[in-house]
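Participant: I'd like to ask you about the structure that follows.
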Amino acid sequence: MRYSPEEIEGFEGQLDLLVRKLNFMKSELGRTIDPNAKFAITEEIAQLEGQISDLKGKLSAAHGLPVANQKDRLAEAIRQLNMDEEEEIGLLHLVNCDRHQMVDKFWNAFDEKEEEHFQFYFITGCPTQMPPSFAERMVYELLVEELDGESDALHILTQEDSGRLRIQDLPLGRNTRKSQQRFKAYVQERFRFADTQSFDTFIETGVPNLPYDYVAVVFELHERKWSSFLPEYLEWMIETFKNPNKQVPKFLFFFVFYVDGQHLGGLKSEQKSILTALSELTVRHETTLLTPLLPVEDGDLRAWLMDLGERNPNQVQSVIDAMVAGLREEDQLLFRDKQQFNMKDIEELQALIHNIANE
């Protein structure tokens, strides 16, 4: 779109005014004690930041310049953070922006089932909330909390390029019987059983002895691939592993089910049926259902950034500002209206911080 010189001059005047107003509101926020006033100021700051971002885009287009790469701005803001040199920014930092309630629910269930050799965790959430990453996080935390970082004691499959936990498709056939066959084949292939060693023998005798304390597996399935026989298939797994030989390691099975828009409510009947089936399954067999995964509060992200070592809220705010400016419009709206972020966007920030910290 072409703008007249008068319009461009008007945009520049508006931008100057909005920037000055934004700086004033930020200083007011730091001096305000009243919670209601703080909330109102925070709301206005978010709106101003959105308006400033829009105006900058218009001015760049008006001058025939490309809009500045928001990732470069975000990277620069990250480089200004005073990160603790003794804090290792590792794989866990790619997925661990706090969801206190869900994390606590996992560990409570884990502690209750500590003596059980096979544990089942069902996780549901919209793809925007990155449910497989929650499972990945709990596996990394298990390594730290239970195994003191001894990676040889934990058997997982990892991605060759990044070293991150590999998320796998749930072995599935056209019916329960075929799905069972595929699952047995998966187990035999993963642990390289000899031709004389079968899945059933492994369950009964624990032979061959696996040299691990824990084995973690994360399967995923989108709601569109859900079939009516799946509850029966999942129940067969739970029943099969109910009384295993005690010589086997402790297995943690994570099943991630993508349910589009679950955090928004207003679920379709098919989605409700899936959630009901999983809920009934977990009640019958005393397994664990972790649902729903919700967007992350702004305060959680700020606390996560400060945990890296930065103590100055202004530096943290600069990262938040740069991140918000680069979000899609609907994701910016979520922040302005509810001071929340979708996990998909937080993970991009975490990945950038991880890469910069390990340069």
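Every chain in the structure tokens takes a letter, A first, then B, and so on in the order presented; its residues are numbered from 1, and the ligands are numbered from 1 following the presented order.
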Would you list the contacts of A:Asn312 as an NGL selection string, taking every protein, DNA or RNA residue within 9 Å and counting only C-alpha atoms, but skipping same-chain residues closer than 3 positions in sequence?
Facilitator: :A and (81-82 or 306 or 315-317)
Participant: Using backbone DSSP assignments, extract all alpha helix (DSSP H) residues from stretch 189-272 of chain A; output them as a ChimeraX atom specification.
Facilitator: /A:189-190,199-205,230-240,269-272
Participant: So that I can see what lies close to A:Pro249, please list as a ChimeraX atom specification the residues with an atom at most 9 Å from it, counting only C-alpha atoms and leaving out residues fewer than 5 positions away in the same chain.
Facilitator: /A:117-118,206,209-215
Participant: When you look at A:Gln180 with a cut-off of 9 Å (counting only C-alpha atoms), what residues show up, excluding the ones that are within fewer than 3 positions of it in the same chain? I need them as a list of chain:residue names.
Facilitator: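 The residues that qualify are A:Pro171, A:Leu172, A:Gly173, A:Asn175, A:Thr176, A:Arg177, A:Phe183, A:Lys184, A:Ala185, A:Tyr233, A:Trp236, A:Met237.
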Participant: Per residue of stretch 53-143 of chain A within 6 Å of stretch 254-265 of chain A, record the nearest atom pair and its distance in Å to one decimal, counting only C-alpha atoms, with rows in chain order and ascending residue number, as CSV.
Facilitator:
residue,atom,partner,partner_atom,distance
A:Tyr121,CA,A:Phe254,CA,4.8
A:Phe122,CA,A:Phe255,CA,4.8
A:Ile123,CA,A:Val256,CA,4.8
A:Thr124,CA,A:Phe257,CA,4.8
A:Gly125,CA,A:Val259,CA,5.3
A:Cys126,CA,A:Asp260,CA,4.5
A:Pro127,CA,A:Tyr258,CA,6.0
Participant: Would you list the contacts of A:Ser198 as a PDB file with N, CA and C atoms, in the first residue's frame, taking every protein, DNA or RNA residue within 12 Å and counting only C-alpha atoms, but skipping same-chain residues closer than 3 positions in sequence?
Facilitator:
ATOM      1  N   GLN A 181       0.094 -56.498  17.502  1.00  0.00           N
ATOM      2  CA  GLN A 181       1.235 -57.068  16.789  1.00  0.00           C
ATOM      3  C   GLN A 181       2.299 -56.013  16.525  1.00  0.00           C
ATOM      4  N   LYS A 184       4.166 -55.168  19.807  1.00  0.00           N
ATOM      5  CA  LYS A 184       5.130 -56.211  20.158  1.00  0.00           C
ATOM      6  C   LYS A 184       6.365 -56.117  19.261  1.00  0.00           C
ATOM      7  N   ALA A 185       6.141 -55.875  17.981  1.00  0.00           N
ATOM      8  CA  ALA A 185       7.267 -55.745  17.051  1.00  0.00           C
ATOM      9  C   ALA A 185       8.129 -54.532  17.413  1.00  0.00           C
ATOM     10  N   TYR A 186       7.472 -53.461  17.844  1.00  0.00           N
ATOM     11  CA  TYR A 186       8.203 -52.254  18.246  1.00  0.00           C
ATOM     12  C   TYR A 186       9.122 -52.572  19.432  1.00  0.00           C
ATOM     13  N   VAL A 187       8.600 -53.243  20.450  1.00  0.00           N
ATOM     14  CA  VAL A 187       9.393 -53.562  21.640  1.00  0.00           C
ATOM     15  C   VAL A 187      10.566 -54.465  21.276  1.00  0.00           C
ATOM     16  N   GLN A 188      10.311 -55.486  20.460  1.00  0.00           N
ATOM     17  CA  GLN A 188      11.382 -56.405  20.087  1.00  0.00           C
ATOM     18  C   GLN A 188      12.464 -55.705  19.268  1.00  0.00           C
ATOM     19  N   GLU A 189      12.044 -54.803  18.394  1.00  0.00           N
ATOM     20  CA  GLU A 189      13.026 -54.086  17.571  1.00  0.00           C
ATOM     21  C   GLU A 189      13.812 -53.084  18.406  1.00  0.00           C
ATOM     22  N   PHE A 191      14.624 -53.091  21.553  1.00  0.00           N
ATOM     23  CA  PHE A 191      15.594 -53.675  22.466  1.00  0.00           C
ATOM     24  C   PHE A 191      16.404 -54.800  21.829  1.00  0.00           C
ATOM     25  N   ARG A 192      16.237 -54.953  20.517  1.00  0.00           N
ATOM     26  CA  ARG A 192      17.052 -55.891  19.738  1.00  0.00           C
ATOM     27  C   ARG A 192      17.059 -57.295  20.348  1.00  0.00           C
ATOM     28  N   PHE A 193      15.876 -57.785  20.636  1.00  0.00           N
ATOM     29  CA  PHE A 193      15.772 -59.145  21.153  1.00  0.00           C
ATOM     30  C   PHE A 193      16.296 -60.120  20.103  1.00  0.00           C
ATOM     31  N   ALA A 194      16.907 -61.174  20.582  1.00  0.00           N
ATOM     32  CA  ALA A 194      17.351 -62.240  19.668  1.00  0.00           C
ATOM     33  C   ALA A 194      16.128 -62.948  19.089  1.00  0.00           C
ATOM     34  N   ASP A 195      16.364 -63.697  18.029  1.00  0.00           N
ATOM     35  CA  ASP A 195      15.252 -64.387  17.368  1.00  0.00           C
ATOM     36  C   ASP A 195      14.515 -65.313  18.329  1.00  0.00           C
ATOM     37  N   THR A 201       7.911 -63.662  26.243  1.00  0.00           N
ATOM     38  CA  THR A 201       8.935 -64.201  27.140  1.00  0.00           C
ATOM     39  C   THR A 201       9.537 -63.087  27.986  1.00  0.00           C
ATOM     40  N   PHE A 202       9.744 -61.955  27.371  1.00  0.00           N
ATOM     41  CA  PHE A 202      10.293 -60.809  28.090  1.00  0.00           C
ATOM     42  C   PHE A 202       9.381 -60.409  29.249  1.00  0.00           C
ATOM     43  N   ILE A 203       8.078 -60.363  28.998  1.00  0.00           N
ATOM     44  CA  ILE A 203       7.128 -59.994  30.041  1.00  0.00           C
ATOM     45  C   ILE A 203       7.150 -61.015  31.179  1.00  0.00           C
ATOM     46  N   GLU A 204       7.247 -62.299  30.839  1.00  0.00           N
ATOM     47  CA  GLU A 204       7.164 -63.363  31.845  1.00  0.00           C
ATOM     48  C   GLU A 204       8.456 -63.547  32.629  1.00  0.00           C
ATOM     49  N   THR A 205       9.601 -63.419  31.968  1.00  0.00           N
ATOM     50  CA  THR A 205      10.866 -63.775  32.616  1.00  0.00           C
ATOM     51  C   THR A 205      11.820 -62.606  32.819  1.00  0.00           C
ATOM     52  N   GLY A 206      11.619 -61.521  32.057  1.00  0.00           N
ATOM     53  CA  GLY A 206      12.548 -60.403  32.161  1.00  0.00           C
ATOM     54  C   GLY A 206      13.841 -60.627  31.414  1.00  0.00           C
ATOM     55  N   VAL A 207      13.935 -61.714  30.678  1.00  0.00           N
ATOM     56  CA  VAL A 207      15.146 -62.027  29.909  1.00  0.00           C
ATOM     57  C   VAL A 207      14.963 -61.515  28.487  1.00  0.00           C
ATOM     58  N   PRO A 208      15.952 -60.843  27.866  1.00  0.00           N
ATOM     59  CA  PRO A 208      17.263 -60.553  28.449  1.00  0.00           C
ATOM     60  C   PRO A 208      17.200 -59.417  29.475  1.00  0.00           C
TER      61      PRO A 208
END
Participant: What are the closest atom pairs, with distances in Å to one decimal, for each residue of stretch 213-320 of chain A lying within 12 Å of stretch 86-91 of chain A, using only C-alpha atoms, rows by chain and rising residue number, as a Markdown table?
Facilitator:
| residue | atom | partner | partner_atom | distance |
| --- | --- | --- | --- | --- |
| A:Trp304 | CA | A:Ile89 | CA | 11.9 |
| A:Leu305 | CA | A:Ile89 | CA | 11.6 |
| A:Met306 | CA | A:Glu87 | CA | 11.7 |
| A:Asp307 | CA | A:Glu87 | CA | 9.0 |
| A:Leu308 | CA | A:Glu87 | CA | 6.8 |
| A:Gly309 | CA | A:Glu87 | CA | 7.8 |
| A:Glu310 | CA | A:Glu87 | CA | 11.4 |
